[in-house]
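Dropping entry-v8.txt in here (compact mmCIF, C-alpha atoms):
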# COMPACT_ATOMS: atom_id res chain seq x y z
CA MET G 1 5.77 15.64 27.60
CA GLY G 2 2.56 14.79 29.41
CA MET G 3 0.68 16.15 26.41
CA ALA G 4 2.49 13.75 24.11
CA ILE G 5 1.58 10.83 26.36
CA ALA G 6 -2.02 11.98 26.56
CA THR G 7 -2.42 12.34 22.81
CA VAL G 8 -0.67 9.16 21.73
CA LEU G 9 -2.06 6.96 24.48
CA GLY G 10 -5.49 8.48 23.96
CA LEU G 11 -5.39 7.50 20.32
CA VAL G 12 -4.32 3.96 21.14
CA LEU G 13 -7.07 3.64 23.75
CA ALA G 14 -9.68 4.90 21.30
CA ILE G 15 -8.67 2.33 18.70
CA LEU G 16 -8.48 -0.50 21.23
CA ARG G 17 -11.93 0.35 22.50
CA ARG G 18 -13.28 -0.21 19.02
CA ALA G 19 -11.52 -3.55 18.68
CA ARG G 20 -13.62 -6.45 17.51
CA ASN G 21 -12.24 -8.68 20.23
CA ARG G 22 -14.66 -8.18 23.06
CA TRP G 23 -12.05 -8.74 25.76
CA ILE G 24 -9.81 -5.98 24.45
CA SER G 25 -12.56 -3.42 23.99
CA TRP G 26 -14.15 -4.27 27.31
CA CYS G 27 -10.89 -4.00 29.29
CA THR G 28 -10.03 -0.74 27.56
CA ALA G 29 -13.43 0.70 28.36
CA LEU G 30 -12.96 -0.33 31.99
CA VAL G 31 -9.58 1.40 32.29
CA VAL G 32 -10.83 4.53 30.52
CA GLU G 33 -13.94 4.83 32.66
CA PHE G 34 -11.96 4.18 35.84
CA LEU G 35 -9.37 6.87 35.14
CA ARG G 36 -11.94 9.32 33.85
CA ASN G 37 -14.21 8.99 36.84
CA THR G 38 -11.75 9.24 39.71
CA PRO G 39 -10.18 12.55 40.76
CA LEU G 40 -6.80 13.45 39.31
CA LEU G 41 -5.54 14.31 42.77
CA VAL G 42 -6.30 10.80 44.03
CA GLN G 43 -4.49 9.32 41.04
CA ILE G 44 -1.45 11.50 41.65
CA TYR G 45 -1.25 10.44 45.30
CA PHE G 46 -1.87 6.85 44.34
CA LEU G 47 0.94 6.73 41.79
CA PHE G 48 3.31 8.51 44.17
CA TYR G 49 2.66 6.52 47.35
CA VAL G 50 1.46 3.15 46.11
CA LEU G 51 3.70 2.42 43.13
CA PRO G 52 6.91 2.40 45.22
CA SER G 53 5.40 -0.25 47.48
CA ALA G 54 4.86 -2.31 44.34
CA GLY G 55 8.58 -1.95 43.67
CA LEU G 56 8.34 0.80 41.07
CA GLU G 57 10.27 3.82 42.27
CA LEU G 58 9.87 6.87 40.04
CA SER G 59 11.02 10.44 40.53
CA PRO G 60 8.27 12.91 41.51
CA LEU G 61 8.50 14.56 38.10
CA THR G 62 8.12 11.28 36.20
CA THR G 63 5.23 10.28 38.42
CA GLY G 64 3.59 13.63 37.83
CA VAL G 65 3.98 13.48 34.06
CA LEU G 66 2.66 9.94 34.08
CA ALA G 67 -0.37 10.81 36.22
CA LEU G 68 -1.34 13.81 34.09
CA GLY G 69 -0.65 11.87 30.89
CA LEU G 70 -2.77 8.88 31.90
CA HIS G 71 -5.61 10.98 33.22
CA TYR G 72 -5.89 13.15 30.15
CA ALA G 73 -5.25 10.24 27.79
CA THR G 74 -8.65 8.90 28.78
CA TYR G 75 -10.29 12.22 27.93
CA CYS G 76 -8.43 12.39 24.64
CA SER G 77 -9.42 8.82 23.84
CA GLU G 78 -13.08 9.79 24.07
CA VAL G 79 -12.45 12.72 21.76
CA PHE G 80 -10.72 10.47 19.22
CA ARG G 81 -13.48 7.92 19.53
CA ALA G 82 -16.04 10.57 18.66
CA GLY G 83 -13.92 11.53 15.65
CA ILE G 84 -13.56 7.96 14.45
CA GLU G 85 -17.24 7.23 14.87
CA GLY G 86 -18.02 10.35 12.86
CA ILE G 87 -16.52 8.74 9.76
CA PRO G 88 -19.30 7.20 7.67
CA GLN G 89 -19.38 3.45 7.14
CA SER G 90 -19.04 4.08 3.41
CA GLN G 91 -15.38 5.02 3.89
CA TRP G 92 -14.72 1.66 5.55
CA ASP G 93 -16.65 -0.05 2.76
CA ALA G 94 -14.52 1.63 0.12
CA ALA G 95 -11.33 0.58 1.90
CA ILE G 96 -12.54 -3.01 2.24
CA ALA G 97 -13.59 -3.12 -1.40
CA LEU G 98 -10.06 -2.06 -2.33
CA ASN G 99 -8.75 -4.83 -0.10
CA LEU G 100 -6.79 -2.49 2.17
CA GLY G 101 -5.85 -4.14 5.46
CA LYS G 102 -7.39 -3.08 8.73
CA PHE G 103 -4.27 -1.32 9.99
CA ARG G 104 -3.70 0.59 6.75
CA THR G 105 -7.35 1.56 6.65
CA ILE G 106 -7.18 3.08 10.11
CA VAL G 107 -3.87 4.84 9.60
CA LYS G 108 -4.28 6.07 6.04
CA ILE G 109 -8.02 6.44 5.53
CA ILE G 110 -9.85 6.83 8.82
CA LEU G 111 -7.54 8.78 11.15
CA PRO G 112 -6.57 11.48 8.64
CA GLN G 113 -10.29 12.24 8.37
CA ALA G 114 -11.17 11.69 12.02
CA ILE G 115 -8.49 13.85 13.64
CA PRO G 116 -8.85 17.31 12.02
CA PRO G 117 -12.45 17.84 13.22
CA VAL G 118 -11.54 16.98 16.82
CA VAL G 119 -8.43 19.16 17.05
CA PRO G 120 -10.33 21.98 18.86
CA ALA G 121 -11.68 19.59 21.49
CA LEU G 122 -8.27 18.03 21.85
CA GLY G 123 -6.73 21.45 22.29
CA ASN G 124 -9.17 22.18 25.10
CA TYR G 125 -7.97 19.21 27.08
CA LEU G 126 -4.33 19.96 26.49
CA VAL G 127 -4.77 23.51 27.83
CA ALA G 128 -6.79 22.15 30.77
CA MET G 129 -4.01 19.69 31.46
CA PHE G 130 -1.43 22.43 31.47
CA LYS G 131 -3.52 24.34 33.99
CA ASP G 132 -3.68 21.26 36.20
CA THR G 133 0.10 21.12 36.62
CA PRO G 134 -0.02 22.95 40.00
CA MET G 135 -1.65 19.83 41.42
CA LEU G 136 1.69 18.10 41.10
CA SER G 137 2.99 20.25 43.93
CA VAL G 138 1.39 17.77 46.33
CA ILE G 139 4.07 15.27 45.36
CA THR G 140 6.83 17.88 45.63
CA VAL G 141 7.19 18.61 41.93
CA VAL G 142 8.37 22.19 41.71
CA GLU G 143 6.14 23.50 38.95
CA LEU G 144 5.33 27.11 38.14
CA LEU G 145 3.04 27.89 41.08
CA GLN G 146 5.31 26.20 43.61
CA GLU G 147 8.24 28.18 42.25
CA GLY G 148 6.26 31.36 42.74
CA LYS G 149 5.36 30.51 46.30
CA LEU G 150 9.00 29.79 47.07
CA ILE G 151 10.04 33.14 45.73
CA GLY G 152 7.23 34.73 47.76
CA ALA G 153 8.37 33.01 50.90
CA GLU G 154 11.97 34.09 50.42
CA GLN G 155 11.17 37.70 49.69
CA PHE G 156 8.07 38.03 51.88
CA ARG G 157 6.25 39.39 48.84
CA TYR G 158 3.52 37.34 47.21
CA THR G 159 1.77 39.84 44.98
CA GLU G 160 4.41 40.12 42.29
CA PRO G 161 5.38 36.44 41.90
CA LEU G 162 1.77 35.25 41.94
CA THR G 163 0.60 37.88 39.47
CA MET G 164 3.53 36.98 37.34
CA ILE G 165 2.63 33.30 37.45
CA GLY G 166 -0.98 34.01 36.55
CA ALA G 167 0.28 36.00 33.60
CA ILE G 168 2.67 33.27 32.52
CA PHE G 169 -0.10 30.67 32.64
CA LEU G 170 -2.34 32.99 30.65
CA ILE G 171 0.27 33.68 28.00
CA LEU G 172 1.28 30.05 27.60
CA SER G 173 -2.35 28.92 27.40
CA LEU G 174 -3.19 31.59 24.83
CA LEU G 175 -0.11 30.63 22.87
CA SER G 176 -1.05 26.97 22.74
CA ALA G 177 -4.62 27.91 21.81
CA ALA G 178 -3.25 29.96 18.92
CA LEU G 179 -1.02 27.07 17.92
CA ILE G 180 -4.01 24.76 17.89
CA ARG G 181 -5.97 27.16 15.72
CA LEU G 182 -3.04 27.28 13.33
CA THR G 183 -3.00 23.49 13.19
CA GLU G 184 -6.70 23.49 12.39
CA ARG G 185 -6.13 25.83 9.49
CA GLN G 186 -3.22 23.71 8.22
CA LEU G 187 -5.42 20.62 8.22
CA ARG G 188 -8.26 22.13 6.24
CA LEU G 189 -8.77 20.43 2.88
CA PRO G 190 -8.87 22.24 -0.43
CA GLY G 191 -12.38 22.34 -1.81
CA GLY G 192 -13.97 21.61 1.56
CA LYS G 193 -15.59 18.33 2.45
CA MET N 1 -17.63 -21.67 -20.58
CA GLU N 2 -15.57 -20.46 -17.66
CA LEU N 3 -17.68 -19.07 -14.85
CA ILE N 4 -16.42 -16.10 -12.87
CA ILE N 5 -19.38 -15.97 -10.48
CA ARG N 6 -21.40 -18.88 -9.14
CA MET N 7 -24.11 -18.17 -6.61
CA LYS N 8 -26.14 -21.04 -5.27
CA ASP N 9 -29.34 -20.41 -3.34
CA VAL N 10 -27.84 -17.34 -1.67
CA GLN N 11 -29.87 -15.83 1.15
CA LYS N 12 -29.44 -12.75 3.25
CA GLN N 13 -31.50 -11.85 6.25
CA PHE N 14 -31.20 -8.81 8.47
CA GLY N 15 -32.91 -9.93 11.64
CA SER N 16 -36.33 -11.11 10.57
CA LEU N 17 -36.17 -9.20 7.28
CA SER N 18 -35.32 -11.36 4.33
CA VAL N 19 -33.52 -9.27 1.71
CA LEU N 20 -32.38 -12.05 -0.58
CA SER N 21 -34.37 -15.25 -0.58
CA GLY N 22 -32.57 -17.81 -2.66
CA VAL N 23 -30.60 -16.33 -5.53
CA THR N 24 -28.91 -18.69 -7.95
CA LEU N 25 -26.82 -17.05 -10.62
CA ASP N 26 -23.94 -17.98 -12.92
CA VAL N 27 -21.96 -15.33 -14.73
CA PRO N 28 -19.47 -16.38 -17.41
CA MET N 29 -16.15 -14.64 -17.80
CA GLY N 30 -16.42 -11.42 -19.78
CA GLN N 31 -20.19 -11.07 -19.59
CA THR N 32 -21.87 -7.77 -18.70
CA VAL N 33 -25.00 -8.18 -16.64
CA GLY N 34 -27.47 -5.42 -15.85
CA ILE N 35 -29.66 -5.72 -12.77
CA ILE N 36 -32.90 -3.75 -12.59
CA GLY N 37 -35.80 -3.78 -10.19
CA PRO N 38 -37.66 -1.66 -7.63
CA SER N 39 -35.93 -0.18 -4.57
CA GLY N 40 -35.46 -2.62 -1.76
CA SER N 41 -35.52 -5.62 -4.05
CA GLY N 42 -32.05 -6.69 -2.90
CA LYS N 43 -29.96 -5.54 -5.87
CA SER N 44 -27.38 -3.62 -3.85
CA THR N 45 -27.28 -6.33 -1.19
CA LEU N 46 -26.35 -8.80 -3.90
CA LEU N 47 -23.31 -6.71 -4.83
CA ARG N 48 -22.27 -6.27 -1.21
CA LEU N 49 -22.38 -10.03 -0.79
CA LEU N 50 -20.34 -10.59 -3.94
CA ILE N 51 -17.44 -8.50 -2.67
CA GLY N 52 -17.69 -9.82 0.87
CA LEU N 53 -18.81 -6.59 2.53
CA ASP N 54 -21.66 -8.60 4.01
CA ARG N 55 -21.83 -12.30 4.72
CA PRO N 56 -24.71 -14.37 3.31
CA THR N 57 -26.94 -16.11 5.82
CA GLY N 58 -27.38 -19.07 3.50
CA GLY N 59 -26.16 -20.60 0.24
CA SER N 60 -22.74 -20.31 -1.35
CA ILE N 61 -20.80 -17.83 -3.46
CA GLU N 62 -17.86 -18.81 -5.62
CA ILE N 63 -15.63 -16.36 -7.42
CA ASP N 64 -13.43 -17.76 -10.17
CA GLY N 65 -13.88 -21.26 -8.82
CA GLU N 66 -13.11 -20.46 -5.18
CA PRO N 67 -15.57 -19.98 -2.34
CA LEU N 68 -15.56 -16.45 -0.95
CA TRP N 69 -16.12 -17.51 2.65
CA LEU N 70 -14.01 -20.35 3.89
CA HIS N 71 -13.98 -21.73 7.40
CA LYS N 72 -10.64 -21.93 9.13
CA ARG N 73 -9.40 -25.30 10.31
CA ASN N 74 -10.99 -24.80 13.70
CA GLY N 75 -14.31 -24.72 11.86
CA LYS N 76 -15.45 -21.60 13.68
CA ASP N 77 -13.78 -18.47 12.33
CA PHE N 78 -13.69 -17.40 8.73
CA ASP N 79 -10.42 -17.28 6.89
CA LEU N 80 -9.95 -13.56 6.27
CA ALA N 81 -6.68 -14.00 4.40
CA HIS N 82 -8.51 -16.27 1.96
CA LEU N 83 -11.35 -13.77 1.65
CA ARG N 84 -8.90 -11.00 0.80
CA ARG N 85 -7.16 -13.19 -1.76
CA VAL N 86 -10.43 -13.91 -3.55
CA ARG N 87 -11.63 -10.33 -3.16
CA ALA N 88 -8.59 -9.16 -5.09
CA LYS N 89 -10.43 -10.35 -8.20
CA ILE N 90 -13.33 -8.00 -7.60
CA GLY N 91 -13.69 -4.25 -7.83
CA MET N 92 -16.63 -2.12 -6.79
CA VAL N 93 -17.90 1.37 -7.54
CA PHE N 94 -20.42 2.91 -5.17
CA GLN N 95 -23.43 5.15 -5.59
CA GLN N 96 -21.90 7.87 -3.42
CA PHE N 97 -18.40 7.43 -4.97
CA ASN N 98 -16.80 6.93 -1.52
CA LEU N 99 -13.61 8.66 -2.56
CA PHE N 100 -11.18 9.43 0.24
CA PRO N 101 -11.67 13.20 0.73
CA HIS N 102 -8.21 13.80 2.20
CA MET N 103 -6.37 12.47 -0.84
CA SER N 104 -5.96 13.86 -4.33
CA ALA N 105 -7.52 11.99 -7.25
CA LEU N 106 -4.17 10.45 -8.08
CA ASP N 107 -3.50 9.38 -4.48
CA ASN N 108 -6.97 7.88 -4.24
CA ILE N 109 -6.07 5.61 -7.14
CA MET N 110 -2.48 4.90 -6.06
CA GLU N 111 -3.24 3.90 -2.46
CA ALA N 112 -4.39 0.32 -3.02
CA PRO N 113 -1.95 -0.62 -5.83
CA ILE N 114 0.91 0.40 -3.52
CA HIS N 115 -0.30 -1.12 -0.28
CA VAL N 116 -2.27 -4.10 -1.52
CA LEU N 117 -0.53 -5.11 -4.73
CA GLY N 118 2.91 -3.97 -3.54
CA LEU N 119 3.71 -1.80 -6.53
CA ASP N 120 6.45 0.79 -6.07
CA ARG N 121 5.42 4.44 -6.20
CA ALA N 122 6.58 5.05 -9.75
CA ALA N 123 4.75 2.04 -11.14
CA ALA N 124 1.61 2.88 -9.16
CA LYS N 125 1.75 6.47 -10.36
CA SER N 126 2.02 5.54 -14.01
CA ARG N 127 -0.77 3.04 -13.61
CA ALA N 128 -2.98 5.62 -11.88
CA GLU N 129 -2.27 8.14 -14.63
CA GLU N 130 -3.13 5.57 -17.26
CA TYR N 131 -6.57 4.96 -15.74
CA LEU N 132 -7.21 8.64 -15.05
CA ASP N 133 -6.49 9.26 -18.69
CA MET N 134 -8.87 6.49 -19.64
CA VAL N 135 -11.72 8.16 -17.76
CA GLY N 136 -10.77 11.50 -19.29
CA LEU N 137 -9.42 13.18 -16.17
CA ALA N 138 -5.68 13.22 -16.78
CA ASP N 139 -5.65 16.97 -16.13
CA ARG N 140 -7.33 16.67 -12.70
CA ALA N 141 -4.80 14.31 -11.10
CA SER N 142 -3.91 16.68 -8.27
CA ALA N 143 -7.48 17.81 -7.53
CA TYR N 144 -9.11 16.78 -4.25
CA PRO N 145 -12.56 15.18 -4.31
CA GLY N 146 -14.03 18.40 -2.90
CA GLN N 147 -12.86 20.20 -6.02
CA LEU N 148 -14.44 17.74 -8.46
CA SER N 149 -17.99 17.56 -9.80
CA GLY N 150 -20.13 14.50 -9.10
CA GLY N 151 -19.47 13.03 -12.51
CA GLN N 152 -15.75 13.58 -12.16
CA LYS N 153 -15.73 11.98 -8.72
CA GLN N 154 -17.49 8.94 -10.06
CA ARG N 155 -15.01 8.66 -12.91
CA VAL N 156 -12.14 8.79 -10.41
CA ALA N 157 -13.87 6.07 -8.40
CA ILE N 158 -14.13 3.92 -11.53
CA ALA N 159 -10.44 4.48 -12.28
CA ARG N 160 -9.59 3.61 -8.67
CA ALA N 161 -11.38 0.26 -8.91
CA LEU N 162 -9.98 -0.50 -12.38
CA ALA N 163 -6.42 0.18 -11.24
CA MET N 164 -6.60 -3.01 -9.20
CA ARG N 165 -7.18 -4.92 -12.47
CA PRO N 166 -10.10 -7.00 -11.19
CA LYS N 167 -11.75 -9.80 -13.15
CA VAL N 168 -15.19 -8.62 -12.11
CA MET N 169 -16.42 -5.08 -11.62
CA LEU N 170 -19.51 -4.32 -9.58
CA PHE N 171 -21.33 -1.03 -10.18
CA ASP N 172 -23.87 -0.05 -7.56
CA GLU N 173 -26.24 2.57 -8.98
CA ILE N 174 -23.27 4.64 -9.95
CA THR N 175 -25.30 7.27 -11.80
CA SER N 176 -28.10 7.73 -9.26
CA ALA N 177 -26.32 10.54 -7.44
CA LEU N 178 -25.38 12.37 -10.64
CA ASP N 179 -27.06 15.24 -12.44
CA PRO N 180 -28.71 13.91 -15.60
CA GLU N 181 -26.32 15.65 -17.96
CA LEU N 182 -23.34 14.00 -16.26
CA VAL N 183 -24.64 10.48 -16.75
CA GLY N 184 -23.54 10.35 -20.38
CA GLY N 185 -19.82 10.56 -19.60
CA VAL N 186 -20.00 7.69 -17.13
CA LEU N 187 -22.14 5.65 -19.50
CA ALA N 188 -19.61 6.05 -22.29
CA ILE N 189 -16.85 4.69 -20.06
CA LEU N 190 -18.91 1.65 -19.14
CA GLN N 191 -19.85 0.96 -22.73
CA GLU N 192 -16.22 1.14 -23.67
CA LEU N 193 -15.31 -1.30 -20.88
CA ALA N 194 -18.10 -3.70 -21.80
CA SER N 195 -17.05 -3.76 -25.42
CA THR N 196 -13.52 -4.95 -24.61
CA ARG N 197 -14.93 -7.96 -22.72
CA SER N 198 -11.72 -8.08 -20.73
CA MET N 199 -13.68 -8.56 -17.53
CA SER N 200 -17.16 -9.28 -16.28
CA MET N 201 -19.34 -6.43 -15.09
CA ILE N 202 -22.42 -6.39 -12.95
CA ILE N 203 -24.33 -3.15 -13.22
CA VAL N 204 -27.11 -2.36 -10.79
CA THR N 205 -29.01 0.63 -12.12
CA HIS N 206 -32.22 2.63 -12.19
CA HIS N 207 -31.45 3.99 -15.62
CA MET N 208 -32.99 1.55 -18.06
CA LYS N 209 -31.10 3.14 -20.95
CA PHE N 210 -27.94 2.46 -19.06
CA ALA N 211 -28.74 -1.25 -18.71
CA GLU N 212 -29.93 -1.47 -22.27
CA ARG N 213 -26.80 0.04 -23.77
CA CYS N 214 -24.15 -1.67 -21.62
CA ALA N 215 -25.49 -5.06 -20.74
CA GLU N 216 -25.98 -8.08 -22.94
CA ARG N 217 -27.94 -9.84 -20.22
CA VAL N 218 -30.45 -8.30 -17.84
CA LEU N 219 -31.86 -9.59 -14.56
CA PHE N 220 -35.08 -8.27 -13.13
CA PHE N 221 -35.11 -8.43 -9.34
CA ASP N 222 -38.11 -8.24 -7.08
CA GLN N 223 -38.53 -9.07 -3.41
CA GLY N 224 -35.14 -10.68 -3.12
CA ARG N 225 -35.49 -12.98 -6.10
CA ILE N 226 -34.54 -13.05 -9.74
CA VAL N 227 -37.90 -12.77 -11.49
CA GLU N 228 -36.62 -12.68 -15.03
CA ASP N 229 -33.26 -13.37 -16.62
CA GLY N 230 -32.67 -12.83 -20.31
CA ALA N 231 -31.04 -10.98 -23.16
CA ALA N 232 -31.25 -7.21 -22.77
CA GLU N 233 -33.28 -6.57 -25.91
CA SER N 234 -35.89 -9.22 -25.13
CA ILE N 235 -36.47 -8.06 -21.55
CA PHE N 236 -36.98 -4.46 -22.53
CA THR N 237 -39.10 -5.06 -25.60
CA ASN N 238 -40.86 -8.28 -24.75
CA PRO N 239 -40.70 -9.38 -21.11
CA VAL N 240 -42.06 -12.80 -20.28
CA GLU N 241 -43.11 -12.22 -16.68
CA ASP N 242 -46.06 -10.02 -15.73
CA ARG N 243 -44.16 -8.47 -12.86
CA THR N 244 -41.40 -7.28 -15.21
CA HIS N 245 -44.03 -5.85 -17.50
CA GLN N 246 -45.64 -3.93 -14.65
CA PHE N 247 -42.32 -2.57 -13.49
CA LEU N 248 -41.28 -1.37 -16.93
CA ASP N 249 -44.71 0.15 -17.52
CA SER N 250 -44.58 2.03 -14.22
CA LEU N 251 -41.28 3.57 -15.31
CA ILE N 252 -42.70 4.76 -18.59
CA GLU N 253 -45.66 6.33 -16.84
CA ARG N 254 -43.35 8.18 -14.49
CA ASP N 255 -41.24 9.46 -17.36
CA ALA N 256 -44.26 10.66 -19.32
Rendering of file as C-alpha cells:
Amino acid sequence: MGMAIATVLGLVLAILRRARNRWISWCTALVVEFLRNTPLLVQIYFLFYVLPSAGLELSPLTTGVLALGLHYATYCSEVFRAGIEGIPQSQWDAAIALNLGKFRTIVKIILPQAIPPVVPALGNYLVAMFKDTPMLSVITVVELLQEGKLIGAEQFRYTEPLTMIGAIFLILSLLSAALIRLTERQLRLPGGK
Amino acid sequence: MELIIRMKDVQKQFGSLSVLSGVTLDVPMGQTVGIIGPSGSGKSTLLRLLIGLDRPTGGSIEIDGEPLWLHKRNGKDFDLAHLRRVRAKIGMVFQQFNLFPHMSALDNIMEAPIHVLGLDRAAAKSRAEEYLDMVGLADRASAYPGQLSGGQKQRVAIARALAMRPKVMLFDEITSALDPELVGGVLAILQELASTRSMSMIIVTHHMKFAERCAERVLFFDQGRIVEDGAAESIFTNPVEDRTHQFLDSLIERDA
C-alpha cells in the first residue's frame, strides 16, 4: 500500500518538478527536498501528533502508511527524474514534430522509455521502505517486529520469535527483489536499444 | 502561384551566436528544394524553425498563409493551439531517425494518426500499412526499431511522417547516418515522392547527388545566409557565386 503511494506519487512529483511553470516546479522541489532531508522518524511523529491538532484524525496504520509513502515518494521521484532526463531531446523533438500533445508525449513516448532502466533503483527503495516498517511501532502500529516482541513478552522467549522475524523480513525482501528482476526482464525490448 | 512557405528576414541567435542572419525564402506548393552548404551554416536550424521546434529571434514565418507563431490576446504568450494547428501541415524526418524504440514499426506510424488526427485504430492501421508498403517494408510491420537496419529505420521514419499527410515535408540530412549502400533505397523513395508533386519537400543534405536527383531548386547556404538560389542543374554545373564554386570544388577534392 505504502509502496503504491510511493511509486505513483513519486512519478507525479518527478513530472511536476519538470513543469515549465516555475511556481509548480519550484514548490515541488521544495517539498521533495524537505521530505528527503528530514528523518523519517521525525515525519512519523509529526504526522501522528501534529495532524490531529490540525483537525485531521487518522488511524495509526493510515498515518504510518502515509508517512512511509510520502517519505519514499520523494526518493522515487528523484529516481524517475533521472530516468526522464536520460531520454534524449530527440525523442521529444520527434513527438513535437508529429504534433503529439504534451501529456500524450509523456505517457506514451517518454515514460515507457524512462521507467524500465530505473526499475532496479526503484526496487532498492521499495525494499528499503519495507525494512523501515518497524519504525511505525513508535506510533503503536503493530507491524512484524512489534508482533514478535509481543510474542516474546508473553512467552518469555525472544530468540525464536526474533529469529523468525529476521527470517521473514529476509524472505519477503528476497522475494520482492526477485519480482523486481522479473519485471526488468519483462520490460526488455526485442532487439535491444 | 500558391506559396506554402514564406520566410521573411528570419533570424536565429543562440546567445551571442548568430545561426541564421536574415533568411528570406518563398516556396511554392509542390516544389522540391534542396539545401546544401557546409556544416554549421544553419541548414538544420532552418528546418527546426519551419516546424516550430525552435522559435526565431527575428523575422516571420508563414505556412500556407498563416503565421507559425501567433501572440495570444494578452500579447505575451504564444498561442500553442494555433502553432499545433499550423504544424499539422508539416512533417519532418530526422538524421538519427528518432523512432520510438519501445514501439513496433507499425505502432510508431499509428501513434500520431490515432492521437492527433483522431483516426480509429482500424483506419490508422490500414493507413500505416499503406505507407509501410510504400517504403517497401510491409513485411517488417511488427519489428521493433532495434531489429531494423539504419536504412529500414529511416524508411519507417519517412512513412511515419507521411502518414500525417502533411503539405510540406522536411528532411534533415536523412542519409548522413546511413551506410553508403543503404542511401539508394531512401533516395528512390524521395525521388518517387518528388515526382508526384503532391506536396512540397525541403531536403537538407550532404549528398550532392541526392540534391541533384530530387530537387528542382537548390539553395546554397553559408554562414546563416542563402548565398545562391537557383535551378538544380545550373547550380551544380555553373554556379554564379564564388563561394558556391569553392564549396563544390572542395567536395570534389575530398571525393577524389
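A straight line drawn from atom CA of Gly15 of chain N to atom CA of Gln223 of chain N is 16.1 Å long.
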Worksheet entry | chain G contacts to chain N at 12 Å (only C-alpha atoms) as a PyMOL selection string | chain G and resi 87-105+108-116+187-193
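Between Asn37 of chain G and the residues G:Lys131, G:Arg181, G:His71, G:Lys149, the shortest atom-to-atom distance, using only C-alpha atoms, involves G:His71.
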Within 10 Å of Glu33 of chain G, counting only C-alpha atoms, which residues qualify if same-chain residues fewer than 6 places away don't, as an NGL selection string? :G and (27 or 74-75 or 78)
**Report entry** Residues near Met164 of chain G, cut-off 10 Å, all atoms listed in the file, skip fewer than 6 positions along chain, as a list of chain:residue names
**Finding:**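 Counting all atoms listed in the file, the residues come to G:Leu145, G:Gly148, G:Tyr158, G:Leu170.
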Axis-aligned box over every listed atom of segment 161-179 of chain N, padded by 8 Å per side: centre and edges in Å to one decimal, as lines of an AutoDock Vina configuration file?
center_x = -17.3
center_y = 2.7
center_z = -10.3
size_x = 37.7
size_y = 41.0
size_z = 21.7
Using atom CA of Ala138 of chain N and atom CA of Gly34 of chain N as the two end points, give the distance in Å to one decimal.
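Atom-to-atom, atom CA of Ala138 of chain N to atom CA of Gly34 of chain N, that is 28.7 Å.
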Just add N, CA and C atoms to segment 137-149 of chain G and send it as a PDB file, in the frame of the given file.
ATOM      1  N   SER G 137       2.235  19.778  42.785  1.00  0.00           N
ATOM      2  CA  SER G 137       2.990  20.250  43.930  1.00  0.00           C
ATOM      3  C   SER G 137       2.776  19.342  45.142  1.00  0.00           C
ATOM      4  N   VAL G 138       1.656  18.642  45.179  1.00  0.00           N
ATOM      5  CA  VAL G 138       1.390  17.770  46.330  1.00  0.00           C
ATOM      6  C   VAL G 138       2.382  16.621  46.394  1.00  0.00           C
ATOM      7  N   ILE G 139       3.031  16.305  45.283  1.00  0.00           N
ATOM      8  CA  ILE G 139       4.070  15.270  45.360  1.00  0.00           C
ATOM      9  C   ILE G 139       5.437  15.902  45.128  1.00  0.00           C
ATOM     10  N   THR G 140       5.557  17.146  45.572  1.00  0.00           N
ATOM     11  CA  THR G 140       6.830  17.880  45.630  1.00  0.00           C
ATOM     12  C   THR G 140       7.447  18.197  44.278  1.00  0.00           C
ATOM     13  N   VAL G 141       6.643  18.147  43.208  1.00  0.00           N
ATOM     14  CA  VAL G 141       7.190  18.610  41.930  1.00  0.00           C
ATOM     15  C   VAL G 141       7.179  20.136  41.964  1.00  0.00           C
ATOM     16  N   VAL G 142       8.316  20.729  41.685  1.00  0.00           N
ATOM     17  CA  VAL G 142       8.370  22.190  41.710  1.00  0.00           C
ATOM     18  C   VAL G 142       7.928  22.700  40.349  1.00  0.00           C
ATOM     19  N   GLU G 143       6.618  22.923  40.213  1.00  0.00           N
ATOM     20  CA  GLU G 143       6.140  23.500  38.950  1.00  0.00           C
ATOM     21  C   GLU G 143       6.034  25.012  39.123  1.00  0.00           C
ATOM     22  N   LEU G 144       5.371  25.653  38.209  1.00  0.00           N
ATOM     23  CA  LEU G 144       5.330  27.110  38.140  1.00  0.00           C
ATOM     24  C   LEU G 144       4.815  27.743  39.440  1.00  0.00           C
ATOM     25  N   LEU G 145       3.657  27.272  39.917  1.00  0.00           N
ATOM     26  CA  LEU G 145       3.040  27.890  41.080  1.00  0.00           C
ATOM     27  C   LEU G 145       3.913  27.726  42.313  1.00  0.00           C
ATOM     28  N   GLN G 146       4.457  26.497  42.469  1.00  0.00           N
ATOM     29  CA  GLN G 146       5.310  26.200  43.610  1.00  0.00           C
ATOM     30  C   GLN G 146       6.519  27.134  43.603  1.00  0.00           C
ATOM     31  N   GLU G 147       7.086  27.284  42.420  1.00  0.00           N
ATOM     32  CA  GLU G 147       8.240  28.180  42.250  1.00  0.00           C
ATOM     33  C   GLU G 147       7.893  29.569  42.746  1.00  0.00           C
ATOM     34  N   GLY G 148       6.712  30.024  42.360  1.00  0.00           N
ATOM     35  CA  GLY G 148       6.260  31.360  42.740  1.00  0.00           C
ATOM     36  C   GLY G 148       6.118  31.502  44.247  1.00  0.00           C
ATOM     37  N   LYS G 149       5.550  30.463  44.851  1.00  0.00           N
ATOM     38  CA  LYS G 149       5.360  30.510  46.300  1.00  0.00           C
ATOM     39  C   LYS G 149       6.711  30.536  47.012  1.00  0.00           C
TER      40      LYS G 149
END
